[in-house]
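So the structure is just underneath, and the comments pick up after that.
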Amino acid sequence: MKRDDEVLVISGKDKGKRGTVIRVLPGVNRVVVEGVNIATRHLPHRHGVTQTGIVQNESPMALSNVMLIDPETGNAGRTGQKVLEDGTKVRVVKSGKRS
C-alpha cells in the first residue's frame, strides 16, 4: 500500500466502504484510511490546543482488512509485483484468470 491509493475495507465494522490511504505505518502493519474507522475522542480545554471538546479522527486499522482497488477497472483485488524487461517493478492486480 502507498499513500493516496484507493482501497476497499473487506473486514470489520466499516466493511464495504471505500476510501483513500492517508498514512501507512509499515512497522506495525497498519494503515489510516480517509473516512473509515472513525474514533471519537473527548479533548479537554488546554492553552495552545486548537481542537477541544468532542473530536472525531480516523484511527489506524490492520493492513489485512483493506484491499487495493484497481484504478483501471474499479474492482478490488489482490496485488503482486511484476518486473518489466527494463528492470522496473510495477504493481499488478491478480485477476484469477488463467492464461
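Residue names in the C-alpha cells use chain letters A, B, ... in the order shown, residue numbers from 1 in each chain, and ligand numbers from 1 in the order shown.
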Please identify all polymer residues within 12 Å of Thr20 of chain A, counting only C-alpha atoms, omitting same-chain residues fewer than 4 positions from it, and present them as number ranges by chain.
-> A: 1-9, 24, 31-36, 58, 66-69
Pull the strand (DSSP E or B) assignments for chain A out of DSSP run on the backbone, and list those residues as number ranges by chain.
-> A: 6-9, 18-25, 30-33, 38-43, 53-58, 61-62, 66-69, 76, 78-83, 89-94
File dump, residues just selected, C-alpha atoms, as a PDB file, in the first residue's frame:
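New file out-v5.pdb:
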ATOM      1  CA  GLU A   6      -7.870   3.849  -3.158  1.00  0.00           C
ATOM      2  CA  VAL A   7      -8.812   0.846  -1.026  1.00  0.00           C
ATOM      3  CA  LEU A   8     -11.856  -1.227  -0.079  1.00  0.00           C
ATOM      4  CA  VAL A   9     -12.435  -2.311   3.528  1.00  0.00           C
ATOM      5  CA  ARG A  18     -14.077   2.758   0.087  1.00  0.00           C
ATOM      6  CA  GLY A  19     -11.503   5.369   0.969  1.00  0.00           C
ATOM      7  CA  THR A  20      -8.112   6.845   0.222  1.00  0.00           C
ATOM      8  CA  VAL A  21      -4.996   5.901   2.174  1.00  0.00           C
ATOM      9  CA  ILE A  22      -3.837   8.857   4.266  1.00  0.00           C
ATOM     10  CA  ARG A  23      -0.911   7.218   6.021  1.00  0.00           C
ATOM     11  CA  VAL A  24       0.872   3.852   6.074  1.00  0.00           C
ATOM     12  CA  LEU A  25       2.503   2.512   9.259  1.00  0.00           C
ATOM     13  CA  ARG A  30      -1.446  -0.698   9.887  1.00  0.00           C
ATOM     14  CA  VAL A  31      -2.951   1.889   7.577  1.00  0.00           C
ATOM     15  CA  VAL A  32      -5.061   5.039   8.078  1.00  0.00           C
ATOM     16  CA  VAL A  33      -7.906   5.376   5.556  1.00  0.00           C
ATOM     17  CA  ILE A  38     -13.609   6.859  12.954  1.00  0.00           C
ATOM     18  CA  ALA A  39     -12.858   7.207  16.675  1.00  0.00           C
ATOM     19  CA  THR A  40     -14.457   9.841  18.911  1.00  0.00           C
ATOM     20  CA  ARG A  41     -12.201  11.452  21.490  1.00  0.00           C
ATOM     21  CA  HIS A  42     -13.065  13.935  24.235  1.00  0.00           C
ATOM     22  CA  LEU A  43     -10.264  16.514  24.473  1.00  0.00           C
ATOM     23  CA  GLY A  53     -14.339  19.131  23.015  1.00  0.00           C
ATOM     24  CA  ILE A  54     -15.552  16.125  21.045  1.00  0.00           C
ATOM     25  CA  VAL A  55     -13.238  15.379  18.098  1.00  0.00           C
ATOM     26  CA  GLN A  56     -13.562  12.606  15.526  1.00  0.00           C
ATOM     27  CA  ASN A  57     -10.428  11.243  13.822  1.00  0.00           C
ATOM     28  CA  GLU A  58      -9.503   8.276  11.660  1.00  0.00           C
ATOM     29  CA  MET A  61      -6.597  -0.252  11.042  1.00  0.00           C
ATOM     30  CA  ALA A  62      -4.945  -3.540  10.168  1.00  0.00           C
ATOM     31  CA  VAL A  66      -8.146  -3.480   3.267  1.00  0.00           C
ATOM     32  CA  MET A  67      -7.773  -4.434  -0.383  1.00  0.00           C
ATOM     33  CA  LEU A  68      -6.339  -2.267  -3.148  1.00  0.00           C
ATOM     34  CA  ILE A  69      -8.755  -1.097  -5.857  1.00  0.00           C
ATOM     35  CA  ALA A  76     -10.786  -4.653  -5.651  1.00  0.00           C
ATOM     36  CA  ARG A  78      -5.107  -8.990  -4.631  1.00  0.00           C
ATOM     37  CA  THR A  79      -1.918  -7.370  -5.829  1.00  0.00           C
ATOM     38  CA  GLY A  80       1.544  -8.502  -6.746  1.00  0.00           C
ATOM     39  CA  GLN A  81       4.672  -7.132  -8.341  1.00  0.00           C
ATOM     40  CA  LYS A  82       5.929  -7.756 -11.838  1.00  0.00           C
ATOM     41  CA  VAL A  83       9.390  -6.937 -13.161  1.00  0.00           C
ATOM     42  CA  LYS A  89       8.867  -3.030 -10.872  1.00  0.00           C
ATOM     43  CA  VAL A  90       5.151  -2.385 -11.311  1.00  0.00           C
ATOM     44  CA  ARG A  91       2.139  -3.385  -9.217  1.00  0.00           C
ATOM     45  CA  VAL A  92      -0.352  -5.675 -10.920  1.00  0.00           C
ATOM     46  CA  VAL A  93      -3.767  -6.880  -9.800  1.00  0.00           C
ATOM     47  CA  LYS A  94      -4.091 -10.644  -9.731  1.00  0.00           C
TER      48      LYS A  94
END
Rounded to one decimal in Å, what is the spacing between atom CA of Glu72 of chain A and atom CA of Leu84 of chain A?
->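 Here the two named atoms are 19.0 Å from each other.
The two atoms in question, atom CA of Asn37 of chain A and atom CA of Ser64 of chain A, are spaced 14.1 Å apart.
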